[in-house]
>>> print(open('data.txt').read())   # compact mmCIF, C-alpha atoms
# COMPACT_ATOMS: atom_id res chain seq x y z
CA MET A 1231 0.00 0.00 0.00
CA ILE A 1232 1.30 3.44 -0.93
CA CYS A 1233 -0.45 6.38 0.72
CA THR A 1234 0.09 10.10 0.68
CA THR A 1235 1.34 11.65 3.92
CA ASP A 1236 -2.11 13.04 4.75
CA GLY A 1237 -3.67 9.63 4.21
CA ALA A 1238 -6.34 11.02 1.85
CA HIS A 1239 -5.28 8.90 -1.13
CA CYS A 1240 -4.24 5.34 -0.74
CA ASN A 1241 -3.47 3.29 -3.89
CA THR A 1242 -2.14 -0.18 -4.36
CA PRO A 1243 1.23 -0.43 -6.13
CA THR A 1244 -0.38 -2.13 -9.11
CA GLU A 1245 -2.65 0.81 -9.67
CA ILE A 1246 0.27 3.24 -9.67
CA ARG A 1247 2.30 1.05 -11.99
CA GLY A 1248 -0.68 0.67 -14.30
CA ALA A 1249 -1.09 4.41 -14.49
CA ARG A 1250 2.57 4.92 -15.36
CA GLN A 1251 2.57 2.14 -17.93
CA LYS A 1252 0.07 3.83 -20.20
CA PRO A 1253 2.28 6.11 -22.31
CA VAL A 1254 5.02 3.41 -23.00
CA PRO A 1255 4.80 -0.39 -23.49
CA HIS A 1256 7.25 -1.25 -20.70
CA PRO A 1257 9.10 0.89 -18.15
CA ARG A 1258 12.43 -0.84 -18.88
CA ILE A 1259 12.13 -0.03 -22.56
CA ALA A 1260 11.37 3.55 -21.64
CA ARG A 1261 14.40 3.77 -19.37
CA PHE A 1262 16.85 1.90 -21.62
CA PRO A 1263 15.66 2.31 -25.22
CA TRP A 1264 19.19 1.71 -26.59
CA LEU A 1265 19.44 -1.57 -24.72
CA PHE A 1266 16.10 -2.63 -26.17
CA LEU A 1267 17.25 -1.83 -29.69
CA LEU A 1268 20.50 -3.73 -29.10
CA MET A 1269 18.63 -6.81 -27.87
CA LEU A 1270 16.29 -6.58 -30.80
CA SER A 1271 19.17 -6.46 -33.27
CA THR A 1272 20.77 -9.55 -31.66
CA GLN A 1273 17.48 -11.37 -31.98
CA VAL A 1274 17.40 -10.55 -35.69
CA ALA A 1275 21.04 -11.69 -36.09
CA ILE A 1276 20.37 -14.98 -34.30
CA ALA A 1277 17.21 -15.57 -36.32
CA ALA A 1278 18.96 -15.19 -39.67
CA PRO A 1279 22.71 -15.93 -39.65
CA PRO A 1280 24.25 -16.51 -43.08
CA GLY A 1281 23.74 -20.16 -43.94
CA GLY A 1282 20.71 -20.58 -41.71
CA SER A 1283 21.45 -23.03 -38.92
CA LEU A 1284 24.97 -23.74 -40.19
CA GLU A 1285 27.91 -21.85 -38.80
CA ILE A 1286 31.40 -22.04 -40.29
CA VAL A 1287 33.92 -21.70 -37.48
CA LYS A 1288 37.58 -20.68 -37.86
CA PRO A 1289 38.25 -21.43 -41.51
CA TRP A 1290 42.00 -21.49 -42.11
CA SER A 1291 44.62 -22.61 -44.56
CA ARG A 1292 48.37 -23.09 -44.62
CA ALA A 1293 51.03 -21.32 -46.69
CA THR A 1294 52.34 -23.48 -49.52
CA ALA A 1295 55.96 -24.19 -50.32
CA PRO A 1296 57.12 -23.22 -53.80
CA GLY A 1297 56.96 -26.14 -56.19
CA THR A 1298 53.63 -27.44 -55.03
CA THR A 1299 50.32 -26.59 -56.64
CA VAL A 1300 48.15 -28.00 -53.89
CA GLY A 1301 46.98 -26.37 -50.70
CA VAL A 1302 44.68 -27.25 -47.88
CA ALA A 1303 41.77 -25.71 -46.00
CA TYR A 1304 40.38 -26.59 -42.60
CA LEU A 1305 37.28 -25.41 -40.74
CA GLU A 1306 34.50 -26.55 -38.47
CA ILE A 1307 30.84 -26.74 -39.42
CA VAL A 1308 28.48 -26.27 -36.49
CA ASN A 1309 24.91 -27.27 -37.23
CA SER A 1310 22.22 -25.98 -34.88
CA GLY A 1311 19.43 -27.22 -37.12
CA LYS A 1312 18.43 -30.26 -39.13
CA GLN A 1313 20.73 -32.74 -40.86
CA ASP A 1314 22.45 -31.40 -43.97
CA THR A 1315 25.12 -32.58 -46.38
CA LEU A 1316 28.15 -30.75 -47.70
CA VAL A 1317 28.19 -31.69 -51.36
CA ARG A 1318 30.78 -29.36 -52.87
CA VAL A 1319 33.38 -26.74 -52.02
CA GLU A 1320 34.46 -23.99 -54.38
CA ALA A 1321 37.44 -21.65 -54.16
CA THR A 1322 38.40 -18.99 -56.67
CA VAL A 1323 42.09 -19.60 -55.91
CA ALA A 1324 41.95 -23.29 -56.93
CA ARG A 1325 40.70 -24.99 -60.04
CA ARG A 1326 39.12 -27.69 -57.92
CA VAL A 1327 38.51 -28.43 -54.25
CA GLU A 1328 38.29 -32.01 -53.04
CA MET A 1329 37.13 -33.20 -49.65
CA HIS A 1330 39.44 -35.88 -48.27
CA SER A 1331 39.38 -38.27 -45.42
CA MET A 1332 42.64 -39.36 -43.90
CA ALA A 1333 43.29 -42.53 -41.98
CA THR A 1334 46.44 -44.33 -40.92
CA VAL A 1335 46.01 -48.04 -41.48
CA GLY A 1336 48.91 -50.18 -40.27
CA GLY A 1337 51.26 -47.19 -40.37
CA VAL A 1338 50.20 -46.30 -43.92
CA MET A 1339 48.46 -42.97 -44.48
CA GLN A 1340 45.47 -43.28 -46.70
CA MET A 1341 43.86 -40.23 -48.23
CA ARG A 1342 40.51 -40.74 -49.91
CA GLU A 1343 38.26 -38.36 -51.81
CA LEU A 1344 34.79 -37.94 -50.34
CA LEU A 1345 31.94 -37.00 -52.63
CA SER A 1346 29.93 -35.56 -49.74
CA VAL A 1347 30.24 -35.02 -46.01
CA ASP A 1348 27.28 -35.53 -43.72
CA VAL A 1349 26.56 -32.80 -41.17
CA PRO A 1350 24.34 -34.34 -38.49
CA ALA A 1351 21.47 -32.42 -36.91
CA GLN A 1352 22.65 -30.47 -33.85
CA GLY A 1353 26.13 -31.76 -34.62
CA ARG A 1354 29.48 -30.60 -35.87
CA VAL A 1355 32.04 -31.69 -38.42
CA ARG A 1356 35.67 -30.71 -38.04
CA PHE A 1357 38.14 -30.50 -40.91
CA GLU A 1358 41.59 -30.55 -39.28
CA PRO A 1359 45.22 -31.62 -39.79
CA SER A 1360 45.67 -35.42 -39.95
CA GLY A 1361 41.92 -35.78 -40.43
CA LEU A 1362 39.23 -34.60 -42.80
CA HIS A 1363 40.58 -31.83 -45.00
CA MET A 1364 39.78 -29.81 -48.08
CA MET A 1365 42.45 -30.10 -50.73
CA LEU A 1366 42.84 -27.07 -52.98
CA ILE A 1367 44.03 -28.37 -56.35
CA ASP A 1368 45.84 -26.42 -59.08
CA LEU A 1369 46.33 -23.23 -57.13
CA ALA A 1370 46.41 -20.04 -59.19
CA HIS A 1371 49.34 -18.87 -57.04
CA PRO A 1372 51.23 -20.02 -53.93
CA LEU A 1373 49.42 -19.24 -50.68
CA LYS A 1374 51.18 -16.74 -48.45
CA LYS A 1375 50.72 -16.18 -44.73
CA GLY A 1376 47.99 -13.61 -44.15
CA ASP A 1377 46.17 -14.27 -47.46
CA ARG A 1378 42.41 -14.60 -47.22
CA ILE A 1379 40.88 -17.31 -49.37
CA PRO A 1380 37.18 -17.01 -50.18
CA LEU A 1381 35.46 -20.39 -50.06
CA ILE A 1382 31.91 -21.36 -50.92
CA LEU A 1383 30.51 -24.40 -49.19
CA VAL A 1384 27.56 -25.90 -51.04
CA PHE A 1385 25.08 -27.78 -48.86
CA GLN A 1386 22.23 -29.97 -50.01
CA HIS A 1387 19.61 -28.00 -48.05
CA ALA A 1388 21.20 -24.73 -46.93
CA GLY A 1389 22.65 -24.01 -50.36
CA LYS A 1390 25.75 -21.85 -50.68
CA VAL A 1391 27.44 -20.74 -47.49
CA PRO A 1392 30.46 -18.44 -47.87
CA ALA A 1393 33.57 -18.60 -45.69
CA GLU A 1394 36.98 -16.99 -45.75
CA ALA A 1395 40.03 -19.02 -44.80
CA ILE A 1396 42.98 -17.15 -43.33
CA VAL A 1397 46.35 -18.50 -44.46
CA GLN A 1398 48.63 -19.44 -41.56
CA ASP A 1399 52.37 -20.01 -41.59
CA LEU A 1400 53.89 -23.03 -43.33
CA GLY A 1401 53.68 -25.99 -40.97
CA THR A 1402 51.00 -24.56 -38.68
CA MET A 1403 49.00 -27.40 -37.12
CA THR A 1404 46.29 -25.55 -35.22
CA PRO A 1405 43.67 -22.98 -36.26
CA PRO A 1406 44.30 -19.31 -35.52
CA GLY A 1407 43.87 -18.69 -31.83
CA GLY A 1408 44.51 -22.24 -30.63
CA LYS A 1409 43.29 -25.77 -30.99
CA ASP A 1410 39.75 -25.23 -29.78
CA ALA A 1411 37.38 -23.92 -32.35
CA GLU A 1412 35.08 -22.62 -29.64
CA MET B 185 102.84 -53.00 21.02
CA THR B 186 101.53 -49.53 21.53
CA SER B 187 101.02 -49.14 17.77
CA THR B 188 98.80 -52.28 17.37
CA PRO B 189 95.53 -50.72 18.51
CA GLY B 190 96.13 -47.92 15.97
CA ARG B 191 97.28 -50.13 13.05
CA LEU B 192 94.30 -52.48 12.99
CA PRO B 193 91.64 -49.79 12.52
CA ARG B 194 93.84 -48.16 9.85
CA ARG B 195 93.98 -51.42 7.87
CA GLY B 196 90.21 -51.74 8.20
CA LEU B 197 89.82 -48.17 7.01
CA ILE B 198 91.98 -48.82 3.93
CA LEU B 199 89.97 -51.97 3.12
CA ALA B 200 86.68 -50.13 3.52
CA LEU B 201 87.90 -47.26 1.35
CA GLY B 202 89.08 -49.70 -1.32
CA ALA B 203 85.74 -51.46 -1.35
CA ALA B 204 83.92 -48.14 -1.59
CA VAL B 205 86.08 -47.05 -4.53
CA LEU B 206 85.46 -50.41 -6.22
CA ILE B 207 81.70 -50.21 -5.78
CA ALA B 208 81.53 -46.57 -6.88
CA GLY B 209 83.70 -47.38 -9.90
CA THR B 210 81.48 -50.28 -10.91
CA LEU B 211 78.37 -48.16 -10.55
CA LEU B 212 79.88 -45.28 -12.51
CA THR B 213 81.09 -47.58 -15.27
CA SER B 214 77.72 -49.27 -15.62
CA TYR B 215 76.06 -45.86 -15.64
CA TRP B 216 78.53 -44.63 -18.25
CA LEU B 217 78.08 -47.76 -20.35
CA ARG B 218 74.28 -47.86 -20.00
CA PRO B 219 72.35 -48.17 -23.26
CA PRO B 220 71.21 -44.77 -24.56
CA GLU B 221 67.65 -43.88 -23.69
CA PHE B 222 65.70 -42.94 -26.77
CA ARG B 223 62.31 -41.30 -26.90
CA LEU B 224 61.57 -42.39 -30.46
CA THR B 225 60.99 -46.04 -31.25
CA ALA B 226 64.40 -47.73 -31.06
CA LEU B 227 64.80 -50.37 -33.77
CA PRO B 228 66.54 -53.67 -33.09
CA PRO B 229 70.16 -53.60 -34.24
CA GLY B 230 70.57 -54.94 -37.74
CA PRO B 231 73.11 -54.91 -40.54
CA ALA B 232 73.89 -51.66 -42.35
CA LEU B 233 71.19 -50.84 -44.88
CA SER B 234 71.75 -51.74 -48.47
CA ASP B 235 72.89 -48.61 -50.26
CA PHE B 236 70.60 -46.73 -52.60
CA SER B 237 71.35 -45.04 -55.86
CA LEU B 238 69.27 -41.91 -56.42
CA ILE B 239 69.80 -38.39 -57.70
CA ASP B 240 69.55 -35.22 -55.67
CA TYR B 241 67.68 -32.08 -56.70
CA ASP B 242 70.78 -30.78 -58.49
CA GLY B 243 70.91 -33.92 -60.60
CA ARG B 244 73.96 -35.39 -58.79
CA PRO B 245 74.02 -39.16 -58.18
CA ARG B 246 73.63 -39.87 -54.47
CA SER B 247 74.06 -42.93 -52.31
CA LEU B 248 73.67 -43.49 -48.59
CA ALA B 249 77.47 -43.73 -48.29
CA ASP B 250 77.68 -40.03 -49.23
CA TYR B 251 76.12 -39.21 -45.87
CA ARG B 252 78.29 -41.49 -43.73
CA ASN B 253 79.64 -39.77 -40.59
CA GLN B 254 76.41 -37.81 -40.35
CA VAL B 255 73.22 -38.71 -38.55
CA VAL B 256 70.67 -39.12 -41.35
CA VAL B 257 66.94 -38.43 -41.05
CA ILE B 258 64.85 -39.83 -43.91
CA TYR B 259 61.24 -39.02 -44.74
CA PHE B 260 59.38 -40.49 -47.68
CA GLY B 261 56.70 -38.26 -49.17
CA TYR B 262 55.63 -36.35 -52.24
CA VAL B 263 55.16 -32.73 -53.19
CA HIS B 264 51.45 -33.04 -54.03
CA CYS B 265 50.76 -34.16 -50.48
CA PRO B 266 48.62 -31.47 -48.87
CA ASP B 267 48.58 -32.38 -45.21
CA ALA B 268 51.14 -34.76 -43.74
CA CYS B 269 54.32 -34.05 -45.75
CA PRO B 270 54.51 -30.28 -45.21
CA ALA B 271 53.73 -30.85 -41.54
CA GLU B 272 56.61 -33.34 -41.17
CA LEU B 273 59.13 -31.22 -43.07
CA PHE B 274 58.18 -28.18 -41.03
CA LYS B 275 58.62 -30.18 -37.85
CA LEU B 276 62.06 -31.40 -38.93
CA ASP B 277 63.08 -27.79 -39.59
CA GLN B 278 62.00 -26.94 -36.03
CA VAL B 279 64.10 -29.87 -34.77
CA MET B 280 67.15 -28.54 -36.66
CA LYS B 281 66.63 -25.09 -35.17
CA LEU B 282 66.41 -26.57 -31.69
CA LEU B 283 69.65 -28.49 -32.25
CA GLY B 284 71.48 -25.30 -33.17
CA PRO B 285 75.10 -25.77 -34.33
CA ALA B 286 74.82 -29.55 -33.74
CA SER B 287 72.38 -29.69 -36.66
CA ARG B 288 75.42 -29.51 -38.99
CA GLN B 289 76.03 -33.15 -38.07
CA VAL B 290 72.54 -34.13 -39.17
CA ARG B 291 71.32 -34.50 -42.74
CA VAL B 292 67.62 -34.54 -43.58
CA LEU B 293 66.70 -36.41 -46.76
CA PHE B 294 63.27 -36.16 -48.36
CA ILE B 295 62.83 -39.08 -50.74
CA THR B 296 59.94 -38.66 -53.17
CA LEU B 297 57.49 -41.49 -53.74
CA ASP B 298 56.19 -39.64 -56.80
CA PRO B 299 59.15 -39.49 -59.20
CA GLU B 300 56.80 -38.87 -62.15
CA ARG B 301 55.64 -35.47 -60.91
CA ASP B 302 58.49 -34.54 -58.57
CA THR B 303 61.26 -33.51 -60.94
CA PRO B 304 64.57 -32.37 -59.40
CA GLN B 305 63.54 -28.73 -59.98
CA VAL B 306 60.17 -29.16 -58.25
CA LEU B 307 61.86 -31.02 -55.38
CA LYS B 308 64.49 -28.34 -54.92
CA SER B 309 62.09 -25.41 -54.64
CA TYR B 310 59.81 -27.42 -52.35
CA VAL B 311 62.28 -29.02 -49.96
CA THR B 312 64.58 -26.01 -49.55
CA ALA B 313 61.58 -23.81 -48.69
CA PHE B 314 61.43 -25.67 -45.39
CA ASN B 315 65.17 -25.61 -44.74
CA PRO B 316 67.96 -24.77 -47.23
CA ALA B 317 70.07 -27.65 -45.87
CA PHE B 318 67.41 -30.30 -46.55
CA VAL B 319 68.12 -32.59 -49.49
CA GLY B 320 65.48 -33.89 -51.90
CA LEU B 321 66.13 -37.19 -53.66
CA THR B 322 64.42 -38.80 -56.61
CA GLY B 323 65.16 -41.57 -59.11
CA THR B 324 63.49 -43.95 -61.49
CA THR B 325 60.35 -45.74 -60.35
CA VAL B 326 62.40 -48.91 -59.87
CA GLN B 327 65.04 -47.11 -57.78
CA ILE B 328 62.38 -45.49 -55.63
CA ASP B 329 60.63 -48.86 -55.14
CA GLN B 330 63.93 -50.42 -54.08
CA VAL B 331 64.83 -47.78 -51.51
CA ALA B 332 61.27 -47.76 -50.13
CA ALA B 333 61.40 -51.56 -49.79
CA SER B 334 64.70 -51.41 -47.91
CA PHE B 335 62.98 -49.27 -45.27
CA ASN B 336 59.78 -51.35 -45.39
CA VAL B 337 57.97 -48.25 -46.58
CA GLU B 338 54.72 -49.14 -48.24
CA HIS B 339 53.41 -46.89 -50.97
CA ALA B 340 50.67 -47.14 -53.51
CA LYS B 341 49.27 -44.83 -56.14
CA VAL B 342 45.53 -44.40 -55.73
CA PRO B 343 43.22 -42.45 -58.04
CA SER B 344 41.90 -39.26 -56.47
CA GLY B 345 39.50 -37.12 -58.48
CA GLU B 346 41.05 -36.45 -61.89
CA ASP B 347 44.47 -37.13 -60.45
CA TYR B 348 46.16 -39.51 -58.04
CA ALA B 349 47.35 -39.48 -54.47
CA ILE B 350 49.91 -41.73 -52.83
CA ASP B 351 49.20 -43.81 -49.76
CA HIS B 352 52.42 -44.11 -47.86
CA SER B 353 53.99 -45.04 -44.54
CA SER B 354 54.15 -41.88 -42.52
CA GLU B 355 57.18 -42.70 -40.40
CA THR B 356 60.47 -40.86 -40.25
CA TYR B 357 63.67 -42.91 -40.01
CA VAL B 358 66.92 -42.06 -38.27
CA LEU B 359 70.26 -43.64 -39.18
CA ASP B 360 73.39 -43.28 -37.09
CA ALA B 361 76.71 -42.00 -38.48
CA ARG B 362 77.71 -45.57 -39.46
CA GLY B 363 74.63 -45.97 -41.64
CA HIS B 364 72.71 -48.24 -39.30
CA LEU B 365 68.95 -47.78 -39.00
CA ARG B 366 68.36 -46.85 -35.35
CA LEU B 367 65.10 -45.03 -34.75
CA ARG B 368 61.62 -44.52 -36.10
CA GLY B 369 59.51 -41.44 -35.44
CA SER B 370 55.93 -40.66 -36.34
CA ALA B 371 53.71 -37.68 -37.06
CA PHE B 372 53.07 -37.54 -33.32
CA THR B 373 56.75 -37.39 -32.30
CA ARG B 374 57.41 -34.14 -30.48
CA ILE B 375 60.07 -31.69 -31.62
CA ASP B 376 62.04 -31.81 -28.35
CA ASP B 377 61.98 -35.63 -28.27
CA PHE B 378 63.35 -35.71 -31.80
CA ALA B 379 66.11 -33.24 -30.93
CA HIS B 380 66.95 -35.21 -27.77
CA ASP B 381 67.44 -38.45 -29.69
CA LEU B 382 69.45 -36.85 -32.47
CA LYS B 383 71.78 -35.35 -29.83
CA VAL B 384 72.27 -38.82 -28.31
CA LEU B 385 73.24 -40.20 -31.74
CA ILE B 386 75.55 -37.27 -32.54
CA HIS B 387 77.64 -37.80 -29.35
>>> encode(input="data.txt", output="structure tokens")
Amino acid sequence: MICTTDGAHCNTPTEIRGARQKPVPHPRIARFPWLFLLMLSTQVAIAAPPGGSLEIVKPWSRATAPGTTVGVAYLEIVNSGKQDTLVRVEATVARRVEMHSMATVGGVMQMRELLSVDVPAQGRVRFEPSGLHMMLIDLAHPLKKGDRIPLILVFQHAGKVPAEAIVQDLGTMTPPGGKDAE
Amino acid sequence: MTSTPGRLPRRGLILALGAAVLIAGTLLTSYWLRPPEFRLTALPPGPALSDFSLIDYDGRPRSLADYRNQVVVIYFGYVHCPDACPAELFKLDQVMKLLGPASRQVRVLFITLDPERDTPQVLKSYVTAFNPAFVGLTGTTVQIDQVAASFNVEHAKVPSGEDYAIDHSSETYVLDARGHLRLRGSAFTRIDDFAHDLKVLIH
């Protein structure tokens, strides 16, 4: 109960709040309109990230030694939605991009081309050294540290999702900023 | 007679000292003669490897005997290898840097398993990009098959897209200065472990 000092008018808090609420939808929005707008913009960004429910995390590549015409690209695909399939990768810097699996069987490294890579619902797929990788074939020029390589990942459902791989030093074994892609 | 009580303990002291010196000497000798402790996989002692006959990236004929009196590190790979080979060559360069001046007593040889595509010129620009002291070796298909077989290195050409890739053993081999195969490292061998073992073989 909130009453005036003379006790002539006594109103319940709800009544007072109701009276104040009329000109604006919510007192917090009225007090912090910039915060409201910021939250709203985040909501929009979350609702429609490029690639829908697929996020491409830390795409990177490695500088190439002179003499070779092949390079490599690594990244992580984080899927917050339904199952999808990566069917093709394109790069302007390479004539062709192949997806490869790598396994060591009895001490022998076996690299195999994959025609597609499954991205499970609510799951993730990691392309990384000594594992799945994208091989960039017939490079237009050697890759130098600091170069940015535009990639287009083509998914069965999500369609084309762009990414940009940052070229790391020759021999680098971990993505920029450490092993964890988080 | 007055000296007897003093002489007996002195003789005992000399005996005890002698025994102590003997024991300490034995321990020290066995410690000094202990087998070296390697961190890479030590291979059972065998006869010296059969020599190879290849050419280096300057077109000079090369055999294993050319590198006698040096510790030799051999990696089999190919230039069109996107993932494992550059990683291994980069690692070996890091090992050389860690060794410092002692690295002059080590020779790293990259033997191609893809002599068709890896010409001496291609090999030279590729291998020396990792370290100017690294040597790239190639040869005829038969010569490459022979040297790979002498190291038990398996390799097979497999079609990949429009092209081909090469499945191959991913190990790195270390030979001592007398040309005997001593150690085997892998992609997971750490740089400091590699440097440690090479130092043991140098001394």
>>> interface_residues(input="data.txt", of="chain B", to="chain A", cutoff="12 Å", atoms="only C-alpha atoms", output="VMD selection string")
chain B and resid 260 to 278 301 to 315 336 to 356 368 to 372
>>> write_last_selection(input="data.txt", atoms="C-alpha atoms", output="PDB file, in the coordinates of the input")
ATOM      1  CA  PHE B 260      59.380 -40.490 -47.680  1.00  0.00           C
ATOM      2  CA  GLY B 261      56.700 -38.260 -49.170  1.00  0.00           C
ATOM      3  CA  TYR B 262      55.630 -36.350 -52.240  1.00  0.00           C
ATOM      4  CA  VAL B 263      55.160 -32.730 -53.190  1.00  0.00           C
ATOM      5  CA  HIS B 264      51.450 -33.040 -54.030  1.00  0.00           C
ATOM      6  CA  CYS B 265      50.760 -34.160 -50.480  1.00  0.00           C
ATOM      7  CA  PRO B 266      48.620 -31.470 -48.870  1.00  0.00           C
ATOM      8  CA  ASP B 267      48.580 -32.380 -45.210  1.00  0.00           C
ATOM      9  CA  ALA B 268      51.140 -34.760 -43.740  1.00  0.00           C
ATOM     10  CA  CYS B 269      54.320 -34.050 -45.750  1.00  0.00           C
ATOM     11  CA  PRO B 270      54.510 -30.280 -45.210  1.00  0.00           C
ATOM     12  CA  ALA B 271      53.730 -30.850 -41.540  1.00  0.00           C
ATOM     13  CA  GLU B 272      56.610 -33.340 -41.170  1.00  0.00           C
ATOM     14  CA  LEU B 273      59.130 -31.220 -43.070  1.00  0.00           C
ATOM     15  CA  PHE B 274      58.180 -28.180 -41.030  1.00  0.00           C
ATOM     16  CA  LYS B 275      58.620 -30.180 -37.850  1.00  0.00           C
ATOM     17  CA  LEU B 276      62.060 -31.400 -38.930  1.00  0.00           C
ATOM     18  CA  ASP B 277      63.080 -27.790 -39.590  1.00  0.00           C
ATOM     19  CA  GLN B 278      62.000 -26.940 -36.030  1.00  0.00           C
ATOM     20  CA  ARG B 301      55.640 -35.470 -60.910  1.00  0.00           C
ATOM     21  CA  ASP B 302      58.490 -34.540 -58.570  1.00  0.00           C
ATOM     22  CA  THR B 303      61.260 -33.510 -60.940  1.00  0.00           C
ATOM     23  CA  PRO B 304      64.570 -32.370 -59.400  1.00  0.00           C
ATOM     24  CA  GLN B 305      63.540 -28.730 -59.980  1.00  0.00           C
ATOM     25  CA  VAL B 306      60.170 -29.160 -58.250  1.00  0.00           C
ATOM     26  CA  LEU B 307      61.860 -31.020 -55.380  1.00  0.00           C
ATOM     27  CA  LYS B 308      64.490 -28.340 -54.920  1.00  0.00           C
ATOM     28  CA  SER B 309      62.090 -25.410 -54.640  1.00  0.00           C
ATOM     29  CA  TYR B 310      59.810 -27.420 -52.350  1.00  0.00           C
ATOM     30  CA  VAL B 311      62.280 -29.020 -49.960  1.00  0.00           C
ATOM     31  CA  THR B 312      64.580 -26.010 -49.550  1.00  0.00           C
ATOM     32  CA  ALA B 313      61.580 -23.810 -48.690  1.00  0.00           C
ATOM     33  CA  PHE B 314      61.430 -25.670 -45.390  1.00  0.00           C
ATOM     34  CA  ASN B 315      65.170 -25.610 -44.740  1.00  0.00           C
ATOM     35  CA  ASN B 336      59.780 -51.350 -45.390  1.00  0.00           C
ATOM     36  CA  VAL B 337      57.970 -48.250 -46.580  1.00  0.00           C
ATOM     37  CA  GLU B 338      54.720 -49.140 -48.240  1.00  0.00           C
ATOM     38  CA  HIS B 339      53.410 -46.890 -50.970  1.00  0.00           C
ATOM     39  CA  ALA B 340      50.670 -47.140 -53.510  1.00  0.00           C
ATOM     40  CA  LYS B 341      49.270 -44.830 -56.140  1.00  0.00           C
ATOM     41  CA  VAL B 342      45.530 -44.400 -55.730  1.00  0.00           C
ATOM     42  CA  PRO B 343      43.220 -42.450 -58.040  1.00  0.00           C
ATOM     43  CA  SER B 344      41.900 -39.260 -56.470  1.00  0.00           C
ATOM     44  CA  GLY B 345      39.500 -37.120 -58.480  1.00  0.00           C
ATOM     45  CA  GLU B 346      41.050 -36.450 -61.890  1.00  0.00           C
ATOM     46  CA  ASP B 347      44.470 -37.130 -60.450  1.00  0.00           C
ATOM     47  CA  TYR B 348      46.160 -39.510 -58.040  1.00  0.00           C
ATOM     48  CA  ALA B 349      47.350 -39.480 -54.470  1.00  0.00           C
ATOM     49  CA  ILE B 350      49.910 -41.730 -52.830  1.00  0.00           C
ATOM     50  CA  ASP B 351      49.200 -43.810 -49.760  1.00  0.00           C
ATOM     51  CA  HIS B 352      52.420 -44.110 -47.860  1.00  0.00           C
ATOM     52  CA  SER B 353      53.990 -45.040 -44.540  1.00  0.00           C
ATOM     53  CA  SER B 354      54.150 -41.880 -42.520  1.00  0.00           C
ATOM     54  CA  GLU B 355      57.180 -42.700 -40.400  1.00  0.00           C
ATOM     55  CA  THR B 356      60.470 -40.860 -40.250  1.00  0.00           C
ATOM     56  CA  ARG B 368      61.620 -44.520 -36.100  1.00  0.00           C
ATOM     57  CA  GLY B 369      59.510 -41.440 -35.440  1.00  0.00           C
ATOM     58  CA  SER B 370      55.930 -40.660 -36.340  1.00  0.00           C
ATOM     59  CA  ALA B 371      53.710 -37.680 -37.060  1.00  0.00           C
ATOM     60  CA  PHE B 372      53.070 -37.540 -33.320  1.00  0.00           C
TER      61      PHE B 372
END
>>> atom_distance(input="data.txt", atom1="atom CA of B:Asp377", atom2="atom CA of B:Phe222")
8.3 Å
>>> atom_distance(input="data.txt", atom1="atom CA of A:Leu1305", atom2="atom CA of A:Ala1395")
8.1 Å
>>> atom_distance(input="data.txt", atom1="atom CA of B:Tyr251", atom2="atom CA of B:Glu221")
24.2 Å
>>> residues_near_point(input="data.txt", point="(57.1, -42.3, -56.6)", cutoff="8 Å", atoms="only C-alpha atoms", output="PyMOL selection string")
chain B and resi 262+296-300+325+328-329
>>> residues_around(input="data.txt", residues="stretch 1317-1325 of chain A", least_positions_apart="5", cutoff="7 Å", atoms="all atoms listed in the file", output="list in words")
Leu1345, Ser1346, Val1347, Leu1366, Ile1367, Asp1368, Leu1369, Ala1370, Pro1380, Leu1381, Ile1382, Leu1383, Val1384, Phe1385 and Gln1386 of chain A
>>> axis_aligned_box(input="data.txt", around="stretch 1294-1311 of chain A", padding_each_side="3 Å", output="AutoDock Vina command-line options")
--center_x 38.3 --center_y -25.6 --center_z -45.8 --size_x 43.7 --size_y 10.8 --size_z 27.8
